[in-house]
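Student: Got a structure for you, target32.pdb, holding PDB, C-alpha atoms.
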```
ATOM      1  CA  MET A  23      80.282  45.321 -23.291
ATOM      2  CA  ALA A  24      83.236  44.848 -25.586
ATOM      3  CA  ARG A  25      86.331  46.915 -24.896
ATOM      4  CA  SER A  26      88.161  48.609 -27.687
ATOM      5  CA  PHE A  27      91.766  48.335 -28.540
ATOM      6  CA  LEU A  28      91.419  50.534 -31.530
ATOM      7  CA  LYS A  29      94.555  52.553 -31.763
ATOM      8  CA  PHE A  30      95.232  54.751 -34.725
ATOM      9  CA  SER A  31      98.289  56.504 -33.343
ATOM     10  CA  ARG A  32     101.738  56.119 -31.940
ATOM     11  CA  LEU A  33     100.399  57.199 -28.546
ATOM     12  CA  SER A  34      98.342  55.022 -26.269
ATOM     13  CA  PHE A  35      94.696  55.864 -26.464
ATOM     14  CA  THR A  36      93.262  57.572 -23.421
ATOM     15  CA  PHE A  37      89.713  57.883 -24.636
ATOM     16  CA  ASN A  38      87.266  55.140 -25.460
ATOM     17  CA  LEU A  39      88.261  54.344 -29.009
ATOM     18  CA  ILE A  40      90.612  55.932 -31.464
ATOM     19  CA  SER A  41      93.594  58.220 -31.397
ATOM     20  CA  VAL A  42      94.555  59.430 -34.814
ATOM     21  CA  LEU A  43      97.603  61.551 -35.178
ATOM     22  CA  LEU A  44      97.123  64.130 -37.867
ATOM     23  CA  LEU A  45      98.643  67.329 -39.052
ATOM     24  CA  GLY A  46     102.299  66.622 -38.334
ATOM     25  CA  PHE A  47     103.715  69.919 -39.588
ATOM     26  CA  VAL A  48     103.665  73.571 -38.426
ATOM     27  CA  SER A  49     105.753  76.601 -37.622
ATOM     28  CA  ILE A  50     105.492  77.781 -34.026
ATOM     29  CA  LEU A  51     107.078  81.189 -34.462
ATOM     30  CA  ARG A  52     103.830  82.997 -33.592
ATOM     31  CA  ALA A  53     101.772  83.121 -30.411
ATOM     32  CA  ALA A  54      98.914  81.280 -32.116
ATOM     33  CA  PRO A  55      99.426  78.388 -34.523
ATOM     34  CA  GLU A  56      99.194  79.076 -38.231
ATOM     35  CA  ASP A  57      96.697  77.239 -40.387
ATOM     36  CA  ARG A  58      98.312  74.040 -41.650
ATOM     37  CA  ILE A  59      95.572  72.760 -43.918
ATOM     38  CA  SER A  60      96.493  74.566 -47.092
ATOM     39  CA  ARG A  61      94.323  72.748 -49.612
ATOM     40  CA  ALA A  62      90.760  71.534 -49.898
ATOM     41  CA  VAL A  63      89.817  68.457 -47.913
ATOM     42  CA  ASP A  64      89.105  65.900 -50.636
ATOM     43  CA  VAL A  65      87.716  62.625 -49.293
ATOM     44  CA  ARG A  66      88.725  60.900 -52.553
ATOM     45  CA  ASN A  67      92.439  61.501 -51.858
ATOM     46  CA  THR A  68      93.374  59.726 -48.651
ATOM     47  CA  ARG A  69      96.553  58.775 -46.893
ATOM     48  CA  SER A  70      97.128  55.842 -44.569
ATOM     49  CA  ILE A  71      98.177  56.523 -40.973
ATOM     50  CA  PRO A  72     100.720  53.683 -40.473
ATOM     51  CA  GLY A  73     101.466  51.757 -37.311
ATOM     52  CA  ASN A  74      97.929  51.699 -35.999
ATOM     53  CA  ILE A  75      96.813  48.095 -35.886
ATOM     54  CA  HIS A  76      96.667  46.748 -32.356
ATOM     55  CA  PRO A  77      98.987  43.756 -31.809
ATOM     56  CA  SER A  78      96.085  41.627 -30.560
ATOM     57  CA  ALA A  79      93.991  42.303 -33.674
ATOM     58  CA  GLN A  80      95.101  38.982 -35.142
ATOM     59  CA  ALA A  81      93.218  36.551 -37.374
ATOM     60  CA  ARG A  82      93.271  33.851 -34.672
ATOM     61  CA  PHE A  83      91.222  36.104 -32.363
ATOM     62  CA  ASP A  84      88.929  37.545 -35.063
ATOM     63  CA  GLN A  85      85.196  37.008 -34.494
ATOM     64  CA  GLY A  86      84.026  38.891 -37.584
ATOM     65  CA  ALA A  87      82.837  42.365 -38.416
ATOM     66  CA  VAL A  88      81.155  44.539 -35.819
ATOM     67  CA  ASP A  89      77.476  45.370 -36.256
ATOM     68  CA  PRO A  90      77.536  48.250 -38.773
ATOM     69  CA  GLY A  91      74.598  49.888 -36.989
ATOM     70  CA  GLY A  92      76.259  49.711 -33.573
ATOM     71  CA  GLN A  93      76.981  53.076 -32.015
ATOM     72  CA  MET A  94      80.561  54.150 -31.371
ATOM     73  CA  HIS A  95      80.936  56.963 -28.853
ATOM     74  CA  ASP A  96      83.819  59.277 -28.012
ATOM     75  CA  VAL A  97      86.009  58.302 -30.942
ATOM     76  CA  THR A  98      88.933  60.685 -30.583
ATOM     77  CA  ILE A  99      91.370  62.152 -33.042
ATOM     78  CA  LEU A 100      94.582  63.521 -31.552
ATOM     79  CA  PHE A 101      96.535  66.100 -33.512
ATOM     80  CA  GLN A 102     100.243  65.467 -33.639
ATOM     81  CA  PRO A 103     102.497  68.419 -32.860
ATOM     82  CA  SER A 104     105.103  69.337 -35.419
ATOM     83  CA  SER A 105     108.706  68.461 -34.632
ATOM     84  CA  GLU A 106     109.253  72.135 -33.744
ATOM     85  CA  GLN A 107     106.246  72.152 -31.424
ATOM     86  CA  GLN A 108     107.332  68.885 -29.816
ATOM     87  CA  ALA A 109     110.870  70.193 -29.234
ATOM     88  CA  ALA A 110     109.496  73.382 -27.666
ATOM     89  CA  LEU A 111     107.113  71.353 -25.489
ATOM     90  CA  ASP A 112     109.946  69.061 -24.357
ATOM     91  CA  ARG A 113     112.020  72.145 -23.421
ATOM     92  CA  LEU A 114     109.095  73.644 -21.539
ATOM     93  CA  LEU A 115     108.462  70.434 -19.593
ATOM     94  CA  THR A 116     112.136  70.217 -18.638
ATOM     95  CA  ASP A 117     112.195  73.878 -17.601
ATOM     96  CA  GLN A 118     109.012  73.515 -15.552
ATOM     97  CA  GLN A 119     110.767  70.817 -13.477
ATOM     98  CA  ASN A 120     114.058  72.721 -13.112
ATOM     99  CA  PRO A 121     114.148  74.905  -9.946
ATOM    100  CA  SER A 122     116.716  77.253 -11.534
ATOM    101  CA  SER A 123     114.545  77.920 -14.609
ATOM    102  CA  PRO A 124     112.305  80.990 -14.863
ATOM    103  CA  GLN A 125     109.627  78.542 -16.116
ATOM    104  CA  PHE A 126     109.809  76.418 -12.924
ATOM    105  CA  HIS A 127     106.261  75.395 -11.973
ATOM    106  CA  LYS A 128     104.721  77.911 -14.403
ATOM    107  CA  TRP A 129     101.884  75.811 -15.737
ATOM    108  CA  LEU A 130      99.896  76.583 -18.870
ATOM    109  CA  THR A 131      96.146  76.852 -19.154
ATOM    110  CA  PRO A 132      94.626  74.649 -21.860
ATOM    111  CA  GLU A 133      94.187  77.746 -24.024
ATOM    112  CA  GLU A 134      97.853  78.751 -23.591
ATOM    113  CA  PHE A 135      98.833  75.192 -24.479
ATOM    114  CA  GLY A 136      96.659  75.375 -27.600
ATOM    115  CA  ASN A 137      98.198  78.664 -28.672
ATOM    116  CA  ARG A 138     101.679  77.176 -28.450
ATOM    117  CA  PHE A 139     101.282  73.485 -29.224
ATOM    118  CA  GLY A 140      97.822  72.902 -30.713
ATOM    119  CA  VAL A 141      96.337  73.334 -34.162
ATOM    120  CA  SER A 142      94.826  76.604 -35.286
ATOM    121  CA  ALA A 143      91.150  77.199 -34.666
ATOM    122  CA  GLY A 144      90.718  77.287 -38.458
ATOM    123  CA  ASP A 145      92.279  73.864 -38.915
ATOM    124  CA  GLN A 146      90.241  72.438 -36.058
ATOM    125  CA  SER A 147      87.127  73.767 -37.832
ATOM    126  CA  LYS A 148      88.167  72.050 -41.074
ATOM    127  CA  VAL A 149      88.525  68.719 -39.285
ATOM    128  CA  VAL A 150      85.094  69.191 -37.683
ATOM    129  CA  ALA A 151      83.599  70.015 -41.103
ATOM    130  CA  TRP A 152      85.123  66.822 -42.561
ATOM    131  CA  LEU A 153      83.736  64.686 -39.702
ATOM    132  CA  ASN A 154      80.294  66.267 -40.095
ATOM    133  CA  SER A 155      80.410  65.656 -43.865
ATOM    134  CA  GLU A 156      80.917  61.956 -43.076
ATOM    135  CA  GLY A 157      77.694  61.948 -41.015
ATOM    136  CA  LEU A 158      79.564  61.870 -37.702
ATOM    137  CA  THR A 159      78.609  63.988 -34.702
ATOM    138  CA  VAL A 160      81.345  65.993 -33.010
ATOM    139  CA  GLY A 161      80.958  65.836 -29.252
ATOM    140  CA  GLN A 162      83.872  67.686 -27.734
ATOM    141  CA  MET A 163      86.972  69.581 -28.768
ATOM    142  CA  GLY A 164      90.022  69.911 -26.550
ATOM    143  CA  ARG A 165      90.562  73.385 -25.119
ATOM    144  CA  GLY A 166      94.246  72.850 -25.948
ATOM    145  CA  ARG A 167      93.235  72.315 -29.591
ATOM    146  CA  ASN A 168      94.945  68.938 -29.742
ATOM    147  CA  TRP A 169      91.946  66.622 -30.050
ATOM    148  CA  VAL A 170      88.373  66.262 -31.286
ATOM    149  CA  SER A 171      85.961  63.506 -30.276
ATOM    150  CA  PHE A 172      83.022  62.287 -32.297
ATOM    151  CA  SER A 173      80.337  59.606 -32.415
ATOM    152  CA  GLY A 174      78.511  57.661 -35.078
ATOM    153  CA  THR A 175      77.672  54.175 -36.194
ATOM    154  CA  ALA A 176      80.396  51.615 -36.816
ATOM    155  CA  ALA A 177      79.603  51.886 -40.538
ATOM    156  CA  GLN A 178      80.083  55.659 -40.501
ATOM    157  CA  VAL A 179      83.386  55.379 -38.620
ATOM    158  CA  SER A 180      84.571  52.598 -40.950
ATOM    159  CA  ASN A 181      83.637  54.625 -44.026
ATOM    160  CA  ALA A 182      85.214  57.847 -42.761
ATOM    161  CA  LEU A 183      88.491  56.122 -41.832
ATOM    162  CA  HIS A 184      88.506  53.591 -44.679
ATOM    163  CA  THR A 185      89.042  50.625 -42.376
ATOM    164  CA  SER A 186      87.095  47.573 -41.258
ATOM    165  CA  LEU A 187      86.134  47.179 -37.620
ATOM    166  CA  HIS A 188      86.028  43.630 -36.243
ATOM    167  CA  ARG A 189      85.246  41.909 -32.974
ATOM    168  CA  PHE A 190      88.083  40.015 -31.258
ATOM    169  CA  GLN A 191      88.062  37.514 -28.405
ATOM    170  CA  VAL A 192      91.350  37.755 -26.478
ATOM    171  CA  ASN A 193      91.965  35.992 -23.152
ATOM    172  CA  GLY A 194      88.231  35.528 -22.664
ATOM    173  CA  GLU A 195      87.451  39.209 -23.205
ATOM    174  CA  ALA A 196      85.558  40.764 -26.101
ATOM    175  CA  HIS A 197      87.224  43.684 -27.879
ATOM    176  CA  PHE A 198      86.880  45.455 -31.180
ATOM    177  CA  ALA A 199      89.531  47.017 -33.375
ATOM    178  CA  ASN A 200      90.411  48.084 -36.877
ATOM    179  CA  THR A 201      91.783  45.383 -39.191
ATOM    180  CA  SER A 202      93.681  47.722 -41.514
ATOM    181  CA  GLU A 203      95.469  51.033 -41.182
ATOM    182  CA  PRO A 204      93.043  53.968 -41.065
ATOM    183  CA  GLU A 205      93.063  56.527 -43.847
ATOM    184  CA  VAL A 206      92.189  60.199 -43.664
ATOM    185  CA  PRO A 207      91.944  62.874 -46.356
ATOM    186  CA  GLU A 208      95.460  63.704 -47.491
ATOM    187  CA  ALA A 209      95.008  67.398 -46.640
ATOM    188  CA  LEU A 210      94.618  66.395 -42.987
ATOM    189  CA  ALA A 211      97.403  63.820 -42.810
ATOM    190  CA  GLY A 212     100.415  66.076 -42.486
ATOM    191  CA  ARG A 213     103.717  65.304 -44.110
TER     192      ARG A 213
END
```
Represent the structure from my file as structure tokens, please.
Tutor:
Amino acid sequence: MARSFLKFSRLSFTFNLISVLLLGFVSILRAAPEDRISRAVDVRNTRSIPGNIHPSAQARFDQGAVDPGGQMHDVTILFQPSSEQQAALDRLLTDQQNPSSPQFHKWLTPEEFGNRFGVSAGDQSKVVAWLNSEGLTVGQMGRGRNWVSFSGTAAQVSNALHTSLHRFQVNGEAHFANTSEPEVPEALAGR
């Protein structure tokens, strides 16, 4: 079976296919995150998520488009924390490792993490509604509200993310990846 090096994020993917970083803005002054999606999700207005073409997805390795009817499982979208959330998370991680800190070894449950560093339940629902409207099936949602995974055909994934998926042969191994930057509805893309 071909391995994926689809990567739609600045983070390495840890799931089978895609990591899309979305929703890069929020205030974390409350216990639970505020809704960040403030306008209707319009699939006609999209924004590119730059920096998400795998370095090995080169023309010299390209074997052509993937089978549009082929199933893609566990495609995962990661939600990017805001700069404020990331700074607070970095402080927490430092404090959890510092024996003189009151936060030393005080670990968070996934739900506590979600309340501090994830997206709101309302925003997560809007992303799920968008994926469902594209004919994709949502499989799992992170308890920390920082990811959603979905499945569908290659054609559905390509259409939803406005990118082509191709097969690549690299060092004798078959892979597949996007050939252009993915796009998501602008309401979901953050600032």
Student: Around the point (85.9, 55.5, -42.9) (coordinates from the file), which residues reach within 10 Å if we count all atoms listed in the file? Answer as a PDB file with C-alpha atoms, in the frame of the given file.
Tutor:
```pdb
ATOM      1  CA  VAL A  65      87.716  62.625 -49.293  1.00  0.00           C
ATOM      2  CA  LEU A 153      83.736  64.686 -39.702  1.00  0.00           C
ATOM      3  CA  GLU A 156      80.917  61.956 -43.076  1.00  0.00           C
ATOM      4  CA  ALA A 176      80.396  51.615 -36.816  1.00  0.00           C
ATOM      5  CA  ALA A 177      79.603  51.886 -40.538  1.00  0.00           C
ATOM      6  CA  GLN A 178      80.083  55.659 -40.501  1.00  0.00           C
ATOM      7  CA  VAL A 179      83.386  55.379 -38.620  1.00  0.00           C
ATOM      8  CA  SER A 180      84.571  52.598 -40.950  1.00  0.00           C
ATOM      9  CA  ASN A 181      83.637  54.625 -44.026  1.00  0.00           C
ATOM     10  CA  ALA A 182      85.214  57.847 -42.761  1.00  0.00           C
ATOM     11  CA  LEU A 183      88.491  56.122 -41.832  1.00  0.00           C
ATOM     12  CA  HIS A 184      88.506  53.591 -44.679  1.00  0.00           C
ATOM     13  CA  THR A 185      89.042  50.625 -42.376  1.00  0.00           C
ATOM     14  CA  SER A 186      87.095  47.573 -41.258  1.00  0.00           C
ATOM     15  CA  LEU A 187      86.134  47.179 -37.620  1.00  0.00           C
ATOM     16  CA  PRO A 204      93.043  53.968 -41.065  1.00  0.00           C
ATOM     17  CA  GLU A 205      93.063  56.527 -43.847  1.00  0.00           C
ATOM     18  CA  VAL A 206      92.189  60.199 -43.664  1.00  0.00           C
TER      19      VAL A 206
END
```
Student: Tell me which of A:Gly92, A:Lys148, A:Ala199, A:Pro55 sits closest to A:Gly136, counting all atoms listed in the file.
Tutor: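 For A:Gly136, the nearest of the candidates is A:Pro55.
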Student: Could you check which of A:Ile71, A:Ala109, A:Ala143, A:Ala196 is closest to A:Ala211, using only C-alpha atoms?
Tutor: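 Counting only C-alpha atoms, the residue closest to A:Ala211 is A:Ile71.
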Student: Choose the residue, out of A:His188, A:Val149, A:Ser155, A:Val88, that has the smallest atom-to-atom separation from A:Leu100; count all atoms listed in the file.
Tutor: A:Val149
Student: Which distance in Å separates atom CA of A:Gln162 and atom CA of A:Ile99, to one decimal?
Tutor: 10.7 Å
Student: Considering all atoms listed in the file, can you say which of A:Gly166, A:Pro207, A:Pro77, A:Gly212 comes closest to A:Leu130?
Tutor: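 Once distances to A:Leu130 are computed over all atoms listed in the file, the minimum belongs to A:Gly166.
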Student: Padding of 3 Å on every side, edges along x, y and z, all listed atoms of stretch 168-178 of chain A included: what centre and edge lengths in Å, to one decimal, does that box have, as lines of an AutoDock Vina configuration file?
Tutor:
```
center_x = 86.3
center_y = 60.3
center_z = -35.1
size_x = 23.3
size_y = 23.3
size_z = 16.8
```
Student: Do you have the atom CA of A:Gly161-atom CA of A:Glu133 distance handy?
Tutor: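 Separation of atom CA of A:Gly161 and atom CA of A:Glu133: 18.6 Å.
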Student: Could you please determine the separation between atom CA of A:Phe126 and atom CA of A:Arg113 in Å, to one decimal place?
Tutor: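 Answer for the atom CA of A:Phe126 to atom CA of A:Arg113 separation: 11.5 Å.
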Student: Apply the PyMOL selection byres ((chain A and resi 209) around 12) to the file shown and report the selected residues as a PyMOL selection string.
Tutor: chain A and resi 44-47+57-70+145+148-149+152+205-208+210-213
Student: Report as a ChimeraX atom specification the residues that result from applying the PyMOL selection byres ((chain A and resi 203) around 6) to the structure here.
Tutor: /A:72,74,202,204
Student: Keeping C-alpha atoms, export the residues of the selection given above as a tab-separated table (two decimals), in the coordinates of the input.
Tutor:
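After the write, again_38.tsv holds the following:
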```tsv
chain	number	residue	atom	x	y	z
A	72	PRO	CA	100.72	53.68	-40.47
A	74	ASN	CA	97.93	51.70	-36.00
A	202	SER	CA	93.68	47.72	-41.51
A	204	PRO	CA	93.04	53.97	-41.06
```
Student: Once you count only C-alpha atoms, which residues end up no further than 6 Å from (78.1, 62.4, -35.0) in the file's frame, shown as a ChimeraX atom specification?
Tutor: /A:158-160,172-174
